[in-house]
Amino acid sequence: MKKNRIVMGVIGSDIHVVGNKIIHYALRQAGYQVTNLGIFNSQENFINAAKETNADAILVSSLYGHAEIDCEGMKQKCVEAGLGDVLLYVGGNLMVGKHSDEEIITRFKGMGFDRVGLPTDMPENIIAWLEEDLGGKSETSNTAD
Amino acid sequence: MKKNRIVMGVIGSDIHVVGNKIIHYALRQAGYQVTNLGIFNSQENFINAAKETNADAILVSSLYGHAEIDCEGMKQKCVEAGLGDVLLYVGGNLMVGKHSDEEIITRFKGMGFDRVGLPTDMPENIIAWLEEDLGGKSETSNTAD
Amino acid sequence: MNKTDYNLANKKWDEDYFLSVRPEVLGMWHTGREVDLDDAVQYHLAMPRMKNTGRILAKAKEEGRTCVAFRGGVATKEGQIELLQFLQDQGADLLPATCDSYTRNLRFSDVEKGIEESIKKGYSVLNGYPGVNLGVAGNRSVVESVRLPVTCKHGSVDGRLLAEVTFAGGMTDFNGGGICFNVVYCKDVPLDVSLKNWQYVDRLIGYYAERGVIINREESGALTGTLVPPCISLSIGIIEALLAAEQGVVSMDISYGQGGNLLQDIAAIRCLNVLGDKWLKKMGYNDMVLTSKFDQWMGAFPYDETSAYGVLVLGAATAALGGAQQTIVKSPQEAMGVPTKEANAGGIRATKQAIGMMTNQKLGIEVPGIEEEMDLITQEVNAIINTVYDMGEGDLAIGVVRAFESGVLDVPFAPSVRNIGLAMPVRDDRGALRFLDFGNLPIPEKIKKIHRKKLDARAKKYGKPVDFNRVVEDIYGISKGYLVQ
Amino acid sequence: MNKTDYNLANKKWDEDYFLSVRPEVLGMWHTGREVDLDDAVQYHLAMPRMKNTGRILAKAKEEGRTCVAFRGGVATKEGQIELLQFLQDQGADLLPATCDSYTRNLRFSDVEKGIEESIKKGYSVLNGYPGVNLGVAGNRSVVESVRLPVTCKHGSVDGRLLAEVTFAGGMTDFNGGGICFNVVYCKDVPLDVSLKNWQYVDRLIGYYAERGVIINREESGALTGTLVPPCISLSIGIIEALLAAEQGVVSMDISYGQGGNLLQDIAAIRCLNVLGDKWLKKMGYNDMVLTSKFDQWMGAFPYDETSAYGVLVLGAATAALGGAQQTIVKSPQEAMGVPTKEANAGGIRATKQAIGMMTNQKLGIEVPGIEEEMDLITQEVNAIINTVYDMGEGDLAIGVVRAFESGVLDVPFAPSVRNIGLAMPVRDDRGALRFLDFGNLPIPEKIKKIHRKKLDARAKKYGKPVDFNRVVEDIYGISKGYLVQ
Ligand code: B12
Ligand code: B12
């Protein structure tokens, strides 16, 4: 079976949902099976949904600047829940204020995220990451989801 | 006799004449007797005009960035010509590129100029300098010059 | 207002009822106990007359001037004072205290931790100003440290306590509304709940107004900031003004966010005042001074700071050409994160320059393109508001609840499940905002045809079908340096 | 051309005569000896077709696109290459080599010292690019280092040798003109001398054109950059185009500098193409592709860099809205001194952003305010050019000489004593440029009345008499953040 099951959503008290909607649309077009949790999610929401759907990857969005607080310990919780092998991505405006791209990426990789997306990352390249990390391009289909 | 005789002009191969025209107008309105040499003047032009008109102050403008070269040794030449007591001002965009105000002022004061004007200096404050340095406010008259 | 026997209706609250609800609100956090309305009224009456947002905006309207405002909030009183004093000196006309997300969500004990940590770490770990936790005295010390009036900005569906504390604290302006701050900032709050919360806020402002204190209500018509067509912003703004007027609000500004098409944006700004005044008069609200606000582009910004100046200066020019009473400045660091105060200052100075150069050049209905857009907006907005009144059988508040259920009101890209999300905007050949899908918006058929014609023109001009892929392109457009391609 | 028996007349030079004058020109500096016209023609014909300013501008005209160009020159080849490569990557569409003041004044041995000192000191002590001294090979190595075509910019009343060396060096564009570079850049050069110099340059371009090589002539209509009303820029631009066409120039852009009033500026841009084409056709020049250039504000800039963005972004937007084929970018450091390459890049990126957002929103004659301005400009320009022809008894070149003597042509704030300097501009109530004093400009009385009415409107609106004090205020206005006050 192709690895194409994704859980995605926005973490914390963050209402920025445009990126979430756009990534969802792009993933669906690229043939992924997407469970989109929308906004206002706890780490548990992601983990539970990933367990239920047997997800291959979790995509966490955070735009409003509290990502560090909201994502603290998330990788560990995944491991504890038996999701240590599930890809864990995070992306958005991850820190408050102006920071260098490298600083942000290093910080979040250090927290256990496999990929760290910035506002300049387009849906295409997020999909390219997934294809690389999940192994093999998934078939395009518009009926998935 | 009131000290109000001014020689002014633009030095070197510089064609920027708007400031020159505006300062001329303001000085005239403030009652000064102005000899305006216009553009394209050598140091000698200024010195000769100052001698001829028995000037109290020489106002040199330079906007195009070659002021350092064009003004080199001007104070000495004034002294040699017996004009050591005549006020010597310079103003405009005096250096090529972006430099701090202090740097510019220090550089040109070091070259013997009594006052150093920047693009932010308005005619009013140039007149205020003259009044301070020449001692006493000169009568306002529109017929002078 | 979690439990109350007062059913939703667009009717001014009795003062007694209002006062009976207050203790519950003030009890939400201990600083609520510091609020004494009599003292607050006296405090406001003693403030300099023009240190008042409403008065400044009314004067701007009279003089045809565009005030410059911005967003900004940090975790500590001292930090906020430093920020506001600095930006006051940089030429801002109105000052903000933009609250942090915990405050917005009534998580006041988390705020407390945030403040402590911010003091300890020496930088703000909160993404805004903790308006409630700072208490009445704290807010007053901020207000007193500056010459200009301060607006409380937030995105809270329940701003009741925040309003109480910041008004008593001397702020003269409060942004938001029961519609805009519900569908844009919540996931699943019923409309009647948020509308009641805002009836409270409006009634509180009405209470001050009855005692001679003007507190302005600033509506947030830029909404999701993402391709929101004028008719959506204006319908909601005017409805919020009508609801506020009923509760006794006498000073309000409604707003629209830069879409990017100059003529459409100017038309929308012009309509804010014209249509708003018309509706207020029509419904018998004659006491409200309505002013207009124009948000500089609220969608995704270019990452490069100098390109960002391109966007925000065009916004500034549009505000002045359209004659908005206020423009909210973006900073060149918008795409990166909360801006430094220097970045905010850059936005303000560039904006002031553009406004200074454009303020004597106002454009209006004499320009055929603006007239056409104003006509479209007028018909669309009237159709929507009339339908909302009809759905409420004459009661606007009830109409709003039903309109969102059915999609007669519908905000593109809103995160709330209470928002039907069927209407889908897209740009036309000149970059003006139209509808790809009208969803259930009650737009007259002949106007729908005009939209479709304009989208056909785009398809033809650029040789690409106008479908959802164009919407995605349009969301990124400005951040990549174009409006429509 | 200091001594010549060829009297001034607006008549195409015989090739023989032209070739007989060349040795004297090429002898002005040793690099002149490197120029071989046959080889130069071959060199151009072998260059990529679109690495040509004229072709890029013609294409922009077709597509309704606005190209972004800038000014810039440093003392060394390596420095110039670094600058151009950098700014090509930042999004410029056309590249410059702006010459230093010594080169402009034919002081080639001083230039030599300047180059040596610049290499020694590690920074440019010349205020520009030494186009002549670098020789044919030097220029070619600059041109070959970049993908885009390069324009030779200068302000020289005698650009003959510079043209020879830089054309042979592969540059495809040359700015200036016998009028604009005389009265704006000289103190006391007779008009017939400068006109003859430019006949030489134009004849040289014509020589290339006859052999299939397009070299563009870029006129400098922004002139003194200081409150120059459209009719002055356009009259001079169109006259220079007519004079150039006579010598065989087939590609030319004429220009106007941002005045600050949006509708007037757009009208002026529109008139550049419309009126220019009309006059060329009327006088029987059917081979010239005329394009339009819009200089971002050329007068005094605000010292603050972010405010400067306000000015230049408005300029960029105006260029796009008016549909100019080219805009010349200012940098945020304009008021300070020659900009760093990073500052130039900032101006380019902010400009690209604004153009990207405005390019699909062109405004034109359908806007009543633009139509009115176009009408005014048309009548003024036609009156001036007709009078110039009359004064020359049909010979345009002779007409120009006499027109300057009498003040029928008159450039505000020009330094030359050959310019009568009686016409005095000032802003009206909306900041548009009018005449406080028409001097001897042959403007029809009914149009003078319109100007006066608009100045009365200013006096009334601001309660200050419109006299020379207002002119002084207007000179500083933009640098202080306003257009008219
Ligand atoms: C639009 C917007 C809003 C809208 C949101 C509407 C909505 N329904 O979404 C409104 C106006 C309501 C809003 C409100 C607020 N906003 Co806001 N907003 C923006 C803005 C301008 C654009 C965001 C956007 O839609 N981009 C377009 C989409 C398509 O891109 P995206 O979301 O970035 O997603 C892309 C990438 O980030 C990445 N990505 C995203 N998620 C993920 C996940 C993974 C796994 C990966 C790999 C990649 C990835 O890929 C996406 C596709 O390209 C940004 C600044 C900017 N970028 O220009 C500020 C911004 C995000 N907001 C900000 C703030 C502070 C707020 C507020 C707190 C303050 C306020 N203004 O009231 C409130 C939020 C309240 C809350 N509780 O959350 C800050 C965040 C600060 C920080 N991180 O330091 C920003 C950066 C602005 C700023 N400079 O201050 N905002
Ligand atoms: C208008 C202008 C032009 C016009 C000039 C028209 C004319 N007839 O004067 C034109 C377009 C022709 C032009 C040409 C050039 N310019 Co020019 N120009 C300017 C600009 C934009 C404004 C100058 C101006 O008129 N200011 C308004 C008047 C009222 O102010 P002012 O002249 O500065 O004078 C005030 C003060 O400086 C001071 N002051 C002046 N003189 C004196 C004297 C004394 C004693 C005192 C106390 C004070 C004082 O008081 C005055 C009144 O307030 C400046 C940049 C700027 N400031 O924004 C560039 C600028 C001066 N130009 C510059 C350059 C390089 C040139 C050119 C060499 C290059 C080119 N673009 O082709 C050529 C010059 C060729 C030559 N041989 O000189 C540079 C100079 C660089 C430097 N110094 O490092 C500047 C700074 C632009 C830049 N950033 O590159 N320019």
# chains A, B, ... in the order shown; residues from 1 in each chain; ligands from 1
>>> residues_around(residues="Ala316 in chain D", least_positions_apart="5", cutoff="12 Å", atoms="only C-alpha atoms", output="ChimeraX atom specification")
/C:309-311,313-314 /D:66-69,257-258,260,262,265-266,293-297,309-311,321-331,347-359
>>> residues_around(residues="range 91-107 of chain B", least_positions_apart="3", cutoff="8 Å", atoms="only C-alpha atoms", output="MDAnalysis selection string")
(chainID B and resid 59:68 110:111 116:119) or (chainID D and resid 125 127 333 336:340)
>>> atom_distance(atom1="atom 65 (C, counted along the ligand's line) of ligand 2", atom2="CA of Arg427 in chain D")
26.4 Å
>>> select_by_dssp(residues="range 312-465 of chain C", states="strand (DSSP E)", output="number ranges by chain")
C: 326-329, 424-427, 433-437
>>> write_last_selection(atoms="N, CA, C and O atoms", output="compact mmCIF listing (two decimals), in the first residue's frame")
# COMPACT_ATOMS: atom_id res chain seq x y z
N GLN C 326 -8.60 56.79 8.18
CA GLN C 326 -7.54 56.11 8.91
C GLN C 326 -6.96 55.01 8.05
O GLN C 326 -7.70 54.34 7.33
N THR C 327 -5.66 54.83 8.11
CA THR C 327 -5.09 53.63 7.49
C THR C 327 -4.24 52.91 8.51
O THR C 327 -3.55 53.53 9.32
N ILE C 328 -4.33 51.58 8.47
CA ILE C 328 -3.55 50.78 9.41
C ILE C 328 -2.33 50.29 8.65
O ILE C 328 -2.44 49.60 7.63
N VAL C 329 -1.20 50.64 9.19
CA VAL C 329 0.07 50.44 8.50
C VAL C 329 0.60 49.03 8.71
O VAL C 329 0.54 48.49 9.81
N MET C 424 -16.35 31.91 -2.98
CA MET C 424 -14.92 31.80 -3.29
C MET C 424 -14.50 32.97 -4.19
O MET C 424 -15.00 33.11 -5.30
N PRO C 425 -13.60 33.81 -3.69
CA PRO C 425 -13.18 34.98 -4.47
C PRO C 425 -12.03 34.65 -5.42
O PRO C 425 -11.30 33.68 -5.21
N VAL C 426 -11.88 35.49 -6.43
CA VAL C 426 -10.77 35.37 -7.36
C VAL C 426 -10.63 36.73 -8.06
O VAL C 426 -11.58 37.53 -8.03
N ARG C 427 -9.47 37.00 -8.62
CA ARG C 427 -9.28 38.30 -9.26
C ARG C 427 -9.75 38.30 -10.72
O ARG C 427 -9.68 37.27 -11.38
N LEU C 433 -11.31 42.19 -7.14
CA LEU C 433 -11.83 40.98 -6.51
C LEU C 433 -13.27 40.71 -6.94
O LEU C 433 -14.14 41.56 -6.83
N ARG C 434 -13.48 39.53 -7.46
CA ARG C 434 -14.81 39.08 -7.89
C ARG C 434 -15.08 37.73 -7.24
O ARG C 434 -14.25 37.22 -6.51
N PHE C 435 -16.21 37.14 -7.58
CA PHE C 435 -16.51 35.81 -7.06
C PHE C 435 -16.38 34.76 -8.14
O PHE C 435 -16.99 34.88 -9.22
N LEU C 436 -15.58 33.74 -7.84
CA LEU C 436 -15.55 32.56 -8.69
C LEU C 436 -16.83 31.77 -8.42
O LEU C 436 -17.47 31.24 -9.32
N ASP C 437 -17.17 31.70 -7.13
CA ASP C 437 -18.39 31.03 -6.70
C ASP C 437 -19.09 31.95 -5.71
O ASP C 437 -18.47 32.40 -4.76
>>> residues_around(residues="Val35 in chain D", least_positions_apart="4", cutoff="10 Å", atoms="only C-alpha atoms", output="PyMOL selection string")
chain D and resi 26+31+39-40+135-137+161+164-169
>>> write_last_selection(atoms="C-alpha atoms", output="compact mmCIF listing (two decimals), in the first residue's frame")
# COMPACT_ATOMS: atom_id res chain seq x y z
CA LEU D 26 38.25 60.44 -32.58
CA THR D 31 40.95 55.51 -27.27
CA ASP D 39 34.03 46.09 -37.00
CA ALA D 40 31.55 47.77 -34.64
CA GLY D 135 38.26 52.26 -24.61
CA VAL D 136 36.45 49.91 -26.96
CA ALA D 137 37.76 46.73 -25.41
CA LEU D 161 33.62 60.70 -28.67
CA GLU D 164 31.82 56.55 -30.74
CA VAL D 165 33.68 54.59 -28.07
CA THR D 166 30.69 53.16 -26.24
CA PHE D 167 28.80 52.17 -29.42
CA ALA D 168 31.87 50.41 -30.73
CA GLY D 169 32.06 48.97 -27.22
>>> select_by_dssp(residues="range 149-266 of chain D", states="alpha helix (DSSP H)", output="PyMOL selection string")
chain D and resi 160-168+180-183+191-210+230-246+262-266
>>> interface_residues(of="chain D", to="chain B", cutoff="9 Å", atoms="only C-alpha atoms", output="list in words")
Ser101, Tyr102, Asn105, Ser124, Val125, Leu126, Asn127, Val184, Tyr185, Cys186, Lys187, Thr224, Thr226, Ala300, Pro302, Tyr303, Gln333, Ala335, Met336, Gly337, Val338, Pro339, Thr340, Phe413, Ala414, Pro415, Ser416, Val472 and Ile475 of chain D
>>> atom_distance(atom1="CA of Leu234 in chain C", atom2="CA of Asp375 in chain C")
13.3 Å
>>> atom_distance(atom1="atom 34 (O, counted along the ligand's line) of ligand 1", atom2="CA of Glu117 in chain C")
28.6 Å
>>> residues_around(residues="range 44-58 of chain B", least_positions_apart="3", cutoff="12 Å", atoms="only C-alpha atoms", output="PyMOL selection string")
chain B and resi 1-12+32-41+61+70-71+73-91+113-115+126-127+129-131+133-135+145
>>> residues_around(residues="range 455-457 of chain C", least_positions_apart="2", cutoff="12 Å", atoms="only C-alpha atoms", output="ChimeraX atom specification")
/C:425-437,448-453,459-467,470-471,484
>>> closest_residue(among="B:His24, B:Glu72, B:Ala30, B:Gly112", to="ligand 2", atoms="only C-alpha atoms and all ligand atoms")
B:His24
>>> residues_around(residues="Leu409 in chain C", least_positions_apart="2", cutoff="10 Å", atoms="only C-alpha atoms", output="list in words")
Ile179, Ile232, Ser235, Ile236, Ile384, Ile385, Thr387, Val388, Gly399, Val400, Val401, Arg402, Ala403, Phe404, Glu405, Ser406, Gly407, Val411, Asn419, Ile420, Gly421, Ala423, Gly439, Asn440, Leu441 and Pro442 of chain C
>>> closest_residue(among="D:Leu37, D:Leu312, D:Leu19, D:Ala97", to="chain C", atoms="only C-alpha atoms")
D:Leu312
>>> closest_residue(among="D:Met298, D:Ala163, D:Ile377, D:Val193", to="ligand 2", atoms="only C-alpha atoms and all ligand atoms")
D:Met298
>>> closest_residue(among="A:Phe108, A:Asp121, A:Gly31, A:Gln43", to="ligand 1", atoms="only C-alpha atoms and all ligand atoms")
A:Asp121
>>> decode(residues="range 9-21 of chain B", atoms="all heavy atoms", output="mmCIF file, in the first residue's frame")
data_model
loop_
_atom_site.group_PDB
_atom_site.id
_atom_site.type_symbol
_atom_site.label_atom_id
_atom_site.label_comp_id
_atom_site.auth_asym_id
_atom_site.auth_seq_id
_atom_site.Cartn_x
_atom_site.Cartn_y
_atom_site.Cartn_z
ATOM 1 N N GLY B 9 28.434 80.870 -4.800
ATOM 2 C CA GLY B 9 28.495 80.200 -6.091
ATOM 3 C C GLY B 9 28.691 78.708 -5.914
ATOM 4 O O GLY B 9 28.859 78.222 -4.794
ATOM 5 N N VAL B 10 28.658 78.002 -7.036
ATOM 6 C CA VAL B 10 28.852 76.557 -7.034
ATOM 7 C C VAL B 10 30.251 76.284 -7.562
ATOM 8 O O VAL B 10 30.666 76.874 -8.562
ATOM 9 C CB VAL B 10 27.787 75.854 -7.904
ATOM 10 C CG1 VAL B 10 27.912 74.344 -7.815
ATOM 11 C CG2 VAL B 10 26.385 76.311 -7.527
ATOM 12 N N ILE B 11 31.004 75.425 -6.902
ATOM 13 C CA ILE B 11 32.409 75.184 -7.263
ATOM 14 C C ILE B 11 32.545 73.974 -8.190
ATOM 15 O O ILE B 11 31.717 73.062 -8.170
ATOM 16 C CB ILE B 11 33.264 75.020 -5.983
ATOM 17 C CG1 ILE B 11 34.755 75.240 -6.290
ATOM 18 C CG2 ILE B 11 33.046 73.643 -5.353
ATOM 19 C CD1 ILE B 11 35.611 75.460 -5.043
ATOM 20 N N GLY B 12 33.592 74.004 -9.000
ATOM 21 C CA GLY B 12 33.915 72.832 -9.817
ATOM 22 C C GLY B 12 33.029 72.697 -11.048
ATOM 23 O O GLY B 12 32.470 73.675 -11.543
ATOM 24 N N SER B 13 32.922 71.463 -11.540
ATOM 25 C CA SER B 13 32.115 71.216 -12.740
ATOM 26 C C SER B 13 30.695 70.826 -12.362
ATOM 27 O O SER B 13 30.066 70.021 -13.037
ATOM 28 C CB SER B 13 32.724 70.076 -13.561
ATOM 29 O OG SER B 13 34.099 70.218 -13.684
ATOM 30 N N ASP B 14 30.227 71.376 -11.317
ATOM 31 C CA ASP B 14 28.950 70.988 -10.732
ATOM 32 C C ASP B 14 27.842 71.873 -11.284
ATOM 33 O O ASP B 14 27.970 73.087 -11.330
ATOM 34 C CB ASP B 14 29.077 71.166 -9.213
ATOM 35 C CG ASP B 14 27.903 70.622 -8.440
ATOM 36 O OD1 ASP B 14 26.860 70.305 -9.042
ATOM 37 O OD2 ASP B 14 28.034 70.519 -7.207
ATOM 38 N N ILE B 15 26.740 71.259 -11.699
ATOM 39 C CA ILE B 15 25.661 72.050 -12.293
ATOM 40 C C ILE B 15 24.457 72.222 -11.377
ATOM 41 O O ILE B 15 23.452 72.798 -11.779
ATOM 42 C CB ILE B 15 25.184 71.425 -13.612
ATOM 43 C CG1 ILE B 15 24.772 69.968 -13.406
ATOM 44 C CG2 ILE B 15 26.255 71.516 -14.677
ATOM 45 C CD1 ILE B 15 23.423 69.710 -12.872
ATOM 46 N N HIS B 16 24.530 71.700 -10.179
ATOM 47 C CA HIS B 16 23.370 71.794 -9.276
ATOM 48 C C HIS B 16 23.190 73.234 -8.826
ATOM 49 O O HIS B 16 24.004 73.750 -8.063
ATOM 50 C CB HIS B 16 23.573 70.889 -8.065
ATOM 51 C CG HIS B 16 23.538 69.433 -8.398
ATOM 52 N ND1 HIS B 16 24.662 68.718 -8.710
ATOM 53 C CD2 HIS B 16 22.501 68.560 -8.474
ATOM 54 C CE1 HIS B 16 24.331 67.463 -8.953
ATOM 55 N NE2 HIS B 16 23.025 67.329 -8.824
ATOM 56 N N VAL B 17 22.120 73.832 -9.249
ATOM 57 C CA VAL B 17 22.003 75.271 -9.051
ATOM 58 C C VAL B 17 20.729 75.659 -8.296
ATOM 59 O O VAL B 17 20.517 76.823 -7.987
ATOM 60 C CB VAL B 17 22.113 75.978 -10.425
ATOM 61 C CG1 VAL B 17 20.783 75.904 -11.168
ATOM 62 C CG2 VAL B 17 22.599 77.406 -10.293
ATOM 63 N N VAL B 18 19.901 74.669 -7.999
ATOM 64 C CA VAL B 18 18.625 74.998 -7.352
ATOM 65 C C VAL B 18 18.863 75.577 -5.962
ATOM 66 O O VAL B 18 18.330 76.636 -5.605
ATOM 67 C CB VAL B 18 17.705 73.760 -7.272
ATOM 68 C CG1 VAL B 18 16.407 74.110 -6.552
ATOM 69 C CG2 VAL B 18 17.414 73.227 -8.666
ATOM 70 N N GLY B 19 19.706 74.884 -5.177
ATOM 71 C CA GLY B 19 20.005 75.386 -3.840
ATOM 72 C C GLY B 19 20.636 76.769 -3.901
ATOM 73 O O GLY B 19 20.287 77.666 -3.127
ATOM 74 N N ASN B 20 21.530 76.943 -4.841
ATOM 75 C CA ASN B 20 22.178 78.241 -5.056
ATOM 76 C C ASN B 20 21.141 79.344 -5.293
ATOM 77 O O ASN B 20 21.194 80.417 -4.691
ATOM 78 C CB ASN B 20 23.131 78.096 -6.254
ATOM 79 C CG ASN B 20 23.688 79.412 -6.756
ATOM 80 O OD1 ASN B 20 23.035 80.096 -7.531
ATOM 81 N ND2 ASN B 20 24.885 79.771 -6.300
ATOM 82 N N LYS B 21 20.173 79.053 -6.145
ATOM 83 C CA LYS B 21 19.156 80.065 -6.456
ATOM 84 C C LYS B 21 18.280 80.366 -5.236
ATOM 85 O O LYS B 21 17.899 81.512 -4.993
ATOM 86 C CB LYS B 21 18.275 79.597 -7.629
ATOM 87 C CG LYS B 21 18.964 79.678 -9.006
ATOM 88 C CD LYS B 21 17.987 79.284 -10.131
ATOM 89 C CE LYS B 21 18.693 78.966 -11.443
ATOM 90 N NZ LYS B 21 19.020 80.133 -12.278
#
